[in-house]
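To be precise, the following lines are structure.txt, and they hold compact mmCIF, C-alpha atoms.
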```txt
# COMPACT_ATOMS: atom_id res chain seq x y z
CA MET A 768 42.40 78.76 74.76
CA MET A 769 43.45 81.14 77.51
CA SER A 770 46.99 82.43 77.09
CA ILE A 771 49.33 82.18 80.06
CA PRO A 772 51.14 85.43 80.76
CA VAL A 773 54.92 85.27 80.62
CA LYS A 774 56.83 86.84 83.47
CA ASN A 775 59.03 89.77 82.62
CA PRO A 776 62.66 88.56 82.79
CA ILE A 777 63.80 91.94 84.13
CA ILE A 778 63.61 91.51 87.89
CA PHE A 779 65.29 94.79 88.84
CA GLN A 780 63.84 98.04 87.64
CA ASN A 781 64.22 101.63 88.80
CA ILE A 782 65.27 100.77 92.36
CA PRO A 783 66.29 103.96 94.23
CA CYS A 784 70.01 103.79 94.96
CA THR A 785 72.20 106.12 97.04
CA LEU A 786 75.98 106.21 97.36
CA VAL A 787 77.28 107.23 100.79
CA THR A 788 80.95 108.10 100.38
CA GLY A 789 83.63 109.74 102.47
CA PHE A 790 87.30 109.47 103.30
CA LEU A 791 88.64 106.95 105.77
CA GLY A 792 87.17 107.63 109.22
CA ALA A 793 84.89 110.46 108.08
CA GLY A 794 81.82 109.04 109.82
CA LYS A 795 79.94 107.22 107.06
CA THR A 796 78.56 104.56 109.42
CA THR A 797 76.97 107.26 111.60
CA VAL A 798 75.23 108.83 108.59
CA ILE A 799 74.08 105.43 107.32
CA ASN A 800 72.65 104.62 110.75
CA GLN A 801 70.78 107.93 110.64
CA LEU A 802 69.39 107.10 107.20
CA LEU A 803 68.38 103.59 108.25
CA ALA A 804 66.56 105.07 111.24
CA THR A 805 64.19 106.86 108.83
CA LYS A 806 63.19 103.69 106.97
CA PRO A 807 59.43 103.13 106.89
CA ASN A 808 58.53 99.89 108.67
CA ASP A 809 56.80 98.45 105.62
CA GLU A 810 59.77 98.94 103.24
CA ARG A 811 62.65 96.57 102.49
CA TRP A 812 66.06 98.20 102.24
CA ALA A 813 69.43 96.77 101.33
CA LEU A 814 72.96 97.91 102.14
CA LEU A 815 76.08 96.99 100.17
CA ILE A 816 79.28 97.60 102.14
CA ASN A 817 82.69 97.52 100.47
CA GLU A 818 85.59 96.95 102.86
CA PHE A 819 89.17 97.53 101.77
CA GLY A 820 90.55 94.85 104.09
CA ARG A 821 89.92 91.12 104.05
CA ILE A 822 88.42 90.54 107.49
CA GLY A 823 84.88 91.91 107.07
CA ILE A 824 83.96 94.01 110.12
CA ASP A 825 81.74 96.89 108.98
CA GLY A 826 78.62 94.73 108.81
CA ALA A 827 79.11 93.69 112.43
CA LEU A 828 79.78 97.29 113.46
CA LEU A 829 76.60 98.45 111.77
CA THR A 830 74.48 95.60 113.12
CA SER A 831 75.68 96.07 116.69
CA SER A 832 74.98 99.80 116.54
CA GLN A 833 71.27 99.25 115.96
CA ASP A 834 68.69 98.93 118.71
CA THR A 835 67.19 95.86 117.06
CA ASN A 836 68.37 93.21 114.64
CA LEU A 837 68.59 94.52 111.08
CA GLU A 838 66.90 91.43 109.67
CA GLN A 839 63.94 92.07 111.96
CA LYS A 840 63.86 95.64 110.64
CA ASN A 841 63.73 94.32 107.06
CA ILE A 842 67.24 95.52 106.18
CA ALA A 843 69.61 93.24 104.27
CA ILE A 844 73.40 93.66 104.31
CA ARG A 845 75.98 92.27 101.91
CA GLU A 846 79.71 92.88 102.26
CA VAL A 847 82.41 92.90 99.58
CA SER A 848 85.80 92.56 101.25
CA GLY A 849 89.39 92.30 100.12
CA GLY A 850 89.67 95.25 97.74
CA CYS A 851 88.03 98.37 96.45
CA ILE A 852 85.08 97.69 94.14
CA CYS A 853 85.75 100.93 92.30
CA CYS A 854 89.38 100.30 91.37
CA THR A 855 89.15 96.61 90.51
CA SER A 856 87.12 94.93 87.78
CA GLN A 857 83.49 95.99 87.66
CA LEU A 858 82.45 92.34 87.97
CA PRO A 859 82.55 92.12 91.81
CA LEU A 860 80.28 95.16 92.05
CA GLN A 861 77.92 93.78 89.43
CA ILE A 862 77.71 90.38 91.11
CA ALA A 863 77.27 91.85 94.58
CA ILE A 864 74.45 94.19 93.54
CA SER A 865 72.74 91.52 91.43
CA ARG A 866 72.79 88.98 94.26
CA LEU A 867 71.58 91.51 96.80
CA LEU A 868 68.68 92.58 94.60
CA SER A 869 67.70 89.08 93.48
CA ASP A 870 67.91 87.56 96.97
CA HIS A 871 66.14 90.31 98.91
CA HIS A 872 64.12 92.36 96.36
CA PRO A 873 64.71 95.62 98.25
CA GLN A 874 62.79 98.80 97.61
CA ARG A 875 65.88 100.92 98.23
CA LEU A 876 69.62 100.27 97.98
CA LEU A 877 72.42 102.07 99.85
CA ILE A 878 76.05 101.56 98.78
CA GLU A 879 78.93 102.39 101.10
CA PRO A 880 82.32 102.15 99.33
CA THR A 881 85.52 101.93 101.32
CA GLY A 882 86.99 105.18 102.62
CA LEU A 883 90.00 104.57 100.36
CA ALA A 884 87.77 104.39 97.29
CA HIS A 885 87.93 106.53 94.16
CA PRO A 886 84.35 107.84 93.89
CA ARG A 887 84.80 108.82 90.24
CA GLU A 888 85.54 105.22 89.25
CA LEU A 889 82.47 103.94 91.08
CA ILE A 890 80.32 106.62 89.48
CA LEU A 891 81.67 105.60 86.08
CA GLN A 892 80.61 102.01 86.72
CA LEU A 893 77.13 102.92 87.93
CA SER A 894 76.69 105.26 84.95
CA ALA A 895 76.96 102.37 82.50
CA PRO A 896 73.87 101.84 80.30
CA HIS A 897 72.97 98.45 81.79
CA TRP A 898 72.31 100.02 85.20
CA GLN A 899 69.97 102.70 83.91
CA THR A 900 66.84 100.55 83.97
CA ALA A 901 67.82 98.62 87.11
CA LEU A 902 68.83 101.50 89.38
CA LYS A 903 67.49 104.99 89.88
CA MET A 904 70.63 106.80 91.05
CA ASN A 905 69.91 109.48 93.60
CA ALA A 906 72.17 112.12 95.12
CA VAL A 907 75.70 111.05 96.04
CA ILE A 908 75.97 111.76 99.77
CA THR A 909 79.52 112.42 100.98
CA VAL A 910 80.58 112.72 104.62
CA LEU A 911 83.36 115.13 105.57
CA SER A 912 84.92 115.35 109.02
CA GLY A 913 85.70 118.88 110.17
CA GLU A 914 88.40 117.48 112.45
CA GLN A 915 90.14 115.80 109.52
CA TRP A 916 89.86 118.91 107.33
CA GLN A 917 91.74 120.94 109.95
CA GLN A 918 94.84 118.82 109.31
CA ILE A 919 96.84 119.67 106.21
CA LYS A 920 97.69 116.00 105.57
CA TYR A 921 94.00 115.46 104.83
CA ARG A 922 93.25 118.74 103.05
CA ASP A 923 96.12 118.18 100.60
CA HIS A 924 95.45 114.47 100.11
CA ASP A 925 94.06 113.78 96.64
CA GLY A 926 91.87 110.96 97.94
CA PHE A 927 90.33 113.28 100.53
CA GLN A 928 89.62 115.91 97.89
CA ALA A 929 88.25 113.35 95.44
CA HIS A 930 85.27 112.62 97.66
CA VAL A 931 84.35 116.31 97.71
CA ARG A 932 84.70 116.70 93.93
CA ASP A 933 82.21 113.92 93.21
CA ALA A 934 79.51 114.76 95.75
CA ASP A 935 76.00 116.04 95.18
CA VAL A 936 75.51 116.53 98.92
CA LEU A 937 78.20 117.09 101.53
CA ILE A 938 77.43 116.25 105.16
CA ILE A 939 79.88 118.05 107.45
CA ASN A 940 80.20 116.51 110.90
CA ARG A 941 82.61 116.81 113.84
CA TYR A 942 82.91 120.54 113.36
CA VAL A 943 82.18 121.81 116.89
CA GLN A 944 85.85 122.78 117.37
CA LEU A 945 85.82 125.04 114.28
CA ASP A 946 85.36 128.75 114.88
CA THR A 947 83.45 131.04 112.49
CA ILE A 948 86.52 131.92 110.42
CA GLU A 949 87.49 128.25 110.06
CA LYS A 950 83.97 127.32 108.99
CA GLN A 951 84.05 130.03 106.34
CA ALA A 952 87.46 128.78 105.16
CA LEU A 953 86.09 125.24 104.99
CA VAL A 954 83.16 126.35 102.82
CA GLU A 955 85.49 128.27 100.52
CA TRP A 956 87.77 125.22 100.22
CA ILE A 957 84.79 123.04 99.35
CA THR A 958 83.47 125.53 96.79
CA LYS A 959 86.80 125.60 94.95
CA LEU A 960 86.61 121.84 94.53
CA ASN A 961 82.88 121.57 93.84
CA SER A 962 80.85 124.76 93.39
CA GLN A 963 77.57 122.86 92.84
CA VAL A 964 77.57 120.71 95.98
CA LYS A 965 74.81 121.12 98.59
CA ILE A 966 76.31 121.55 102.07
CA ILE A 967 74.51 120.22 105.13
CA TRP A 968 75.92 120.72 108.63
CA ALA A 969 75.19 117.70 110.79
CA ALA A 970 73.16 118.45 113.90
CA SER A 971 75.61 120.15 116.29
CA GLY A 972 78.40 118.20 114.60
CA LEU A 973 77.70 115.33 116.99
CA THR A 974 77.84 111.57 116.54
CA ALA A 975 74.71 109.43 116.35
CA SER A 976 74.62 108.68 120.10
CA GLU A 977 75.26 112.33 120.98
CA THR A 978 72.54 113.65 118.70
CA THR A 979 70.07 111.20 120.22
CA ALA A 980 70.90 112.52 123.69
CA SER A 981 70.87 116.16 122.60
CA SER A 982 68.25 118.35 124.23
CA ASP A 983 67.93 120.37 121.06
CA SER A 984 65.48 118.00 119.43
CA LEU A 985 64.25 120.58 116.93
CA VAL A 986 67.72 120.94 115.40
CA THR A 987 68.18 117.18 115.36
CA ASP A 988 64.77 116.58 113.77
CA ALA A 989 65.41 119.24 111.13
CA TYR A 990 68.76 117.68 110.26
CA SER A 991 67.27 114.19 110.11
CA SER A 992 64.50 115.40 107.81
CA THR A 993 66.95 117.24 105.53
CA LEU A 994 69.23 114.22 105.38
CA ASN A 995 66.35 111.88 104.59
CA ASP A 996 65.17 114.18 101.79
CA GLN A 997 68.44 113.56 99.96
CA LEU A 998 67.45 109.92 99.40
CA ASN A 999 64.96 111.05 96.77
CA GLN A 1000 66.96 113.83 95.14
CA PRO A 1001 68.36 113.02 91.67
CA SER A 1002 72.11 112.95 91.22
CA SER A 1003 73.44 115.54 88.82
CA ILE A 1004 76.93 114.00 89.09
CA ILE A 1005 75.72 110.60 87.88
CA SER A 1006 73.20 112.05 85.42
CA ASN A 1007 75.95 114.00 83.67
CA GLN A 1008 78.21 110.97 83.61
CA ARG A 1009 75.46 108.79 82.18
CA LYS A 1010 75.11 111.18 79.25
CA VAL A 1011 78.83 110.70 78.59
CA SER A 1012 78.50 106.90 78.87
CA ILE A 1013 75.64 106.82 76.38
CA SER A 1014 77.58 108.91 73.89
CA ASN A 1015 80.62 106.62 74.33
CA PRO A 1016 79.16 103.09 74.27
CA LYS A 1017 82.61 101.49 73.91
CA LYS A 1018 83.30 102.51 77.52
CA SER A 1019 80.26 100.73 78.92
CA MET A 1020 80.75 97.91 81.42
CA ILE A 1021 79.86 94.22 81.19
CA GLY A 1022 76.14 93.77 80.58
CA LEU A 1023 73.93 92.89 83.54
CA GLN A 1024 72.64 89.33 83.31
CA SER A 1025 69.98 87.52 85.25
CA PRO A 1026 71.17 85.42 88.20
CA ALA A 1027 70.24 82.22 86.39
CA ASN A 1028 72.69 82.98 83.58
CA SER A 1029 75.68 84.42 85.38
CA LEU A 1030 75.60 84.27 89.13
CA ALA A 1031 75.30 80.51 89.35
CA THR A 1032 78.63 80.05 87.59
CA VAL A 1033 80.63 83.00 88.89
CA PRO A 1034 81.97 82.81 92.48
CA SER A 1035 80.51 85.55 94.65
CA SER A 1036 82.85 88.19 96.01
CA SER A 1037 80.55 88.78 98.96
CA SER A 1038 78.11 87.18 101.30
CA SER A 1039 76.04 88.01 104.33
CA THR A 1040 77.85 88.48 107.62
CA ASP A 1041 76.95 85.02 108.90
CA GLU A 1042 77.87 83.35 105.59
CA THR A 1043 81.20 85.16 105.54
CA LYS A 1044 82.07 84.01 109.04
CA ALA A 1045 81.09 80.40 108.37
CA GLN A 1046 82.96 80.22 105.07
CA ALA A 1047 86.06 81.93 106.43
CA SER A 1048 86.14 79.51 109.36
CA ALA A 1049 85.96 76.58 106.97
CA ASP A 1050 88.60 77.96 104.61
CA SER A 1051 91.33 78.84 107.09
CA GLY A 1052 92.36 77.98 110.62
CA LEU A 1053 92.33 80.46 113.43
CA PRO A 1054 94.11 82.54 114.55
CA TYR A 1055 94.56 84.22 111.18
CA ARG A 1056 96.37 87.41 110.19
CA TYR A 1057 96.97 89.23 106.91
CA HIS A 1058 98.79 92.41 106.02
CA GLU A 1059 99.23 94.28 102.78
CA GLU A 1060 100.10 97.69 101.36
CA GLN A 1061 97.59 99.65 99.29
CA GLN A 1062 98.09 103.17 97.96
CA ASP A 1063 99.93 104.96 100.80
CA PHE A 1064 98.42 102.85 103.56
CA GLN A 1065 99.27 99.59 105.32
CA LEU A 1066 96.40 97.31 106.24
CA ALA A 1067 96.44 94.43 108.71
CA GLY A 1068 93.74 92.28 110.22
CA TRP A 1069 93.32 89.41 112.66
CA ARG A 1070 90.64 86.80 113.23
CA LEU A 1071 90.81 84.96 116.54
CA PRO A 1072 88.76 82.09 117.99
CA ALA A 1073 85.85 83.21 120.14
CA HIS A 1074 87.33 81.55 123.24
CA TYR A 1075 90.40 83.82 123.08
CA ILE A 1076 89.72 86.50 125.70
CA LEU A 1077 91.93 89.59 125.50
CA ASN A 1078 92.61 91.99 128.34
CA ALA A 1079 90.46 95.00 127.44
CA ASP A 1080 92.65 97.75 128.88
CA ASP A 1081 95.90 96.30 127.55
CA LEU A 1082 94.33 95.80 124.11
CA GLN A 1083 93.27 99.44 123.86
CA ASN A 1084 96.68 100.65 125.02
CA TRP A 1085 98.40 98.40 122.47
CA LEU A 1086 96.19 99.57 119.63
CA LEU A 1087 96.62 103.26 120.42
CA ALA A 1088 100.41 102.81 120.57
CA LEU A 1089 100.56 101.59 116.97
CA PRO A 1090 102.46 104.03 114.75
CA ASN A 1091 100.58 106.46 112.55
CA TRP A 1092 97.26 104.62 112.76
CA GLN A 1093 94.35 106.07 110.80
CA ARG A 1094 91.55 103.62 111.56
CA ILE A 1095 91.07 100.77 114.03
CA LYS A 1096 87.91 98.72 114.09
CA GLY A 1097 86.90 95.38 115.47
CA VAL A 1098 84.54 93.11 117.34
CA VAL A 1099 86.58 91.44 120.07
CA HIS A 1100 86.03 89.11 123.03
CA THR A 1101 87.68 90.89 125.98
CA SER A 1102 87.83 90.80 129.75
CA ASP A 1103 85.01 93.39 129.66
CA GLY A 1104 82.88 91.15 127.45
CA TRP A 1105 82.36 91.35 123.70
CA LEU A 1106 83.28 94.86 122.55
CA GLN A 1107 82.78 96.82 119.36
CA ILE A 1108 85.88 98.94 118.70
CA ASN A 1109 85.67 101.89 116.32
CA PHE A 1110 88.64 104.27 116.51
CA ASN A 1111 89.72 107.13 114.30
CA PRO A 1112 92.10 109.94 115.32
CA GLY A 1113 89.17 112.17 116.27
CA SER A 1114 86.99 109.62 118.04
CA LEU A 1115 87.56 106.55 120.22
CA THR A 1116 84.39 104.49 120.60
CA THR A 1117 83.83 101.18 122.36
CA ARG A 1118 80.55 99.53 123.28
CA THR A 1119 79.37 96.13 124.44
CA ILE A 1120 77.75 93.85 121.89
CA ASP A 1121 76.24 90.38 121.69
CA PRO A 1122 78.65 87.40 121.45
CA GLN A 1123 80.09 86.83 117.97
CA THR A 1124 81.28 83.76 116.08
CA ASP A 1125 84.89 84.98 116.32
CA SER A 1126 86.92 88.07 117.15
CA ARG A 1127 87.87 90.39 114.31
CA LEU A 1128 90.29 93.27 114.35
CA GLU A 1129 91.53 95.47 111.51
CA ILE A 1130 93.91 98.43 111.45
CA ILE A 1131 94.93 100.92 108.78
CA LEU A 1132 98.25 102.75 109.11
CA GLN A 1133 99.38 105.63 106.93
CA LEU A 1134 102.81 105.28 105.40
CA ASP A 1135 105.13 108.17 106.13
CA ASN A 1136 106.28 108.64 102.55
CA ALA A 1137 105.98 112.40 102.42
CA VAL A 1138 108.78 114.10 100.48
CA ASP A 1139 109.77 117.74 100.87
CA THR A 1140 109.28 119.03 97.34
CA ASN A 1141 110.82 122.37 98.27
CA ALA A 1142 114.13 120.89 99.34
CA ALA A 1143 116.93 121.81 96.98
CA ASN A 1144 119.27 119.25 95.41
CA THR A 1145 117.21 116.29 96.57
CA ASP A 1146 118.84 113.03 95.58
CA ILE A 1147 116.16 111.06 93.70
CA GLU A 1148 117.68 107.67 94.40
CA GLU A 1149 118.03 108.42 98.11
CA THR A 1150 114.42 109.62 98.24
CA GLU A 1151 113.18 106.42 96.59
CA ASN A 1152 115.18 104.31 99.03
CA ASP A 1153 113.78 106.24 101.99
CA ALA A 1154 110.24 105.81 100.67
CA LYS A 1155 110.81 102.10 100.16
CA ALA A 1156 112.23 101.74 103.65
CA SER A 1157 109.23 103.50 105.16
CA SER A 1158 106.93 100.84 103.74
CA ILE A 1159 108.54 98.01 105.74
CA TRP A 1160 108.94 99.54 109.20
CA ILE A 1161 106.24 97.32 110.78
CA ASP A 1162 107.38 93.96 112.13
CA TRP A 1163 104.12 92.07 111.78
CA GLU A 1164 105.42 88.92 113.44
CA GLU A 1165 106.28 90.98 116.50
CA CYS A 1166 102.77 92.47 116.34
CA ASP A 1167 101.38 88.94 116.36
CA ARG A 1168 103.38 88.05 119.45
CA GLU A 1169 102.33 91.25 121.22
CA LEU A 1170 98.66 90.65 120.41
CA MET A 1171 98.79 87.01 121.54
CA ALA A 1172 100.42 88.13 124.79
CA LEU A 1173 97.19 90.01 125.55
CA VAL A 1174 95.16 86.77 125.57
CA ILE A 1175 94.14 85.87 129.09
```
Structure translated into structure tokens:
Amino acid sequence: MMSIPVKNPIIFQNIPCTLVTGFLGAGKTTVINQLLATKPNDERWALLINEFGRIGIDGALLTSSQDTNLEQKNIAIREVSGGCICCTSQLPLQIAISRLLSDHHPQRLLIEPTGLAHPRELILQLSAPHWQTALKMNAVITVLSGEQWQQIKYRDHDGFQAHVRDADVLIINRYVQLDTIEKQALVEWITKLNSQVKIIWAASGLTASETTASSDSLVTDAYSSTLNDQLNQPSSIISNQRKVSISNPKKSMIGLQSPANSLATVPSSSSSTDETKAQASADSGLPYRYHEEQQDFQLAGWRLPAHYILNADDLQNWLLALPNWQRIKGVVHTSDGWLQINFNPGSLTTRTIDPQTDSRLEIILQLDNAVDTNAANTDIEETENDAKASSIWIDWEECDRELMALVI
């Protein structure tokens, strides 16, 4: 009697995986767009995006920045919103990756953690033994903004430095304003944090749209080729950590299970962009707003019905007047049509996009909790009270009223 072959229960094996990290507003989306542009037409790629806020905007920003629909280009996106996958339980990350791989069977996976992430924690999770047959971890690509580095509040920020420490490859962009001495100082600063990192200067330090329009195509092509090569370079950071994980099995994460055993009974922390919108609309009425404090940042987001049309000029003026903002992003129905908004202190970008299911807007503000450590005779209790007070200076109800006043 002829024997019937049994299918191998391991459905994921040795899938190339790349982390694209970088501090808040560094320009990760631009680099990811550049990587996606190099995808061979006959390959299936997947992108896992982790957003710190609850609204879920990055997928829409990425989709609207492409010339064609990502699904048509054989690229799948899954978003994990509402917290950092690297500083919470490893289960959301495990579920998100497992669902993405089982649903789409990609030939390459890109992971973009939130800009407020702790790369070391994520590397620890992906170094666990159960990922070693499923994922082939390639070089950790980190994006660093030259404009941000120029400011001491970034250079001295531990989270900003953490991304440099745990990088195999460092992409430096937005550096056109740096002179030769500043560039040398930047390299020296990087080397002190990570002497082994490979440094790549983005083509002319320009954004994706600017590099496309650049007349210096040779420089752009060389940069694109060098960047693409990193997708197949092994990660020494993760390789070294995996050796530690193997020698300390008690620190390994929850074992990876097949979707039939685990994913059917565990609620997913993520979904595709369309699924997220549909589910969110069913779960809560619009308009909707949340706000919360994480680390030394305040986050707030709004979802508004699609028929709410906001005055475009007044909306931009209102957003830019917010105190100490670090990142503003959204897809919003305005008097100028549907707009993609992507602001950081060094770049203000808006562009028209196709109509969306609803408007989404998210802002990140930095708390002004800095304490002068050199001040003599500082009263500890007074300092704590000042720091506490600085975390409640935003009147979110007033923000709601101001935003609603912009609706035409």
query: If you measure from atom CA of Val787 of chain A to atom CA of Asn817 of chain A, what distance in Å do you get, rounded to one decimal?
result: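 Computing the Euclidean distance for atom CA of Val787 of chain A and atom CA of Asn817 of chain A yields 11.1 Å.
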- request: Name the closest residue to Val910 of chain A among the candidates A:Trp956, A:Trp898, A:Tyr942, A:Trp1105; distances are taken between atoms, counting all atoms listed in the file.
  value: A:Tyr942
message: I want to know what sits within 6 Å of Ile844 of chain A, based on only C-alpha atoms, with residues of the same chain fewer than 2 positions away left out; could you give that as a list in words?
response: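 Returned residues: Ala813, Leu814 and Leu815 of chain A.
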- prompt: If we count only C-alpha atoms, what is near Ile1161 of chain A at a cut-off of 10 Å, once residues fewer than 5 positions away on the same chain are taken out, given as JSON, numbers by chain?
  reply: {"A": [1065, 1089, 1090, 1132, 1166]}
message: Please determine, counting only C-alpha atoms, which residue among A:Gln917, A:Thr785, A:Gln928, A:Asn1007 has the shortest atom-to-atom distance to Leu891 of chain A.
response: A:Asn1007
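We find atom CA of Val1098 of chain A and atom CA of Leu1071 of chain A to be spaced 10.3 Å apart.
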task: Report the distance between atom CA of Ile1095 of chain A and atom CA of Ile1131 of chain A in Å, rounded to one decimal place.
output: 6.5 Å
message: I'd like to know which of A:Thr796, A:Gln1123, A:Gln839, A:Ser1114 is closest to Glu914 of chain A, using all atoms listed in the file.
response: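 Of all the options, A:Ser1114 lies closest to Glu914 of chain A.
Closest to Pro783 of chain A among A:Val907, A:Ala884, A:Ile862, A:Leu1087 is A:Val907, based on only C-alpha atoms.
Proximity of A:Glu818, A:Asp923, A:Glu1169, A:Glu879 to Ile799 of chain A, computed with only C-alpha atoms, is greatest for A:Glu879.
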query: Which one is closest to Leu937 of chain A: A:Val798, A:Met1171, A:Leu883, A:Leu1134? Count all atoms listed in the file.
result: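 Closest to Leu937 of chain A of all the choices is A:Val798.
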task: Show which residues sit within 12 Å of Asn1084 of chain A, as a ChimeraX atom specification. Count all atoms listed in the file, and ignore same-chain residues fewer than 4 positions away.
output: /A:1078-1080,1088-1089,1115,1169-1170,1173
Could you list, as a PDB file with C-alpha atoms, keeping the file's coordinate frame, every residue within 7 Å of Arg1056 of chain A, counting all atoms listed in the file and ignoring same-chain residues fewer than 3 positions away?
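Listing of part_15.pdb after writing:
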```
ATOM      1  CA  GLY A1068      93.740  92.280 110.220  1.00  0.00           C
ATOM      2  CA  TRP A1069      93.320  89.410 112.660  1.00  0.00           C
ATOM      3  CA  ARG A1070      90.640  86.800 113.230  1.00  0.00           C
TER       4      ARG A1070
END
```
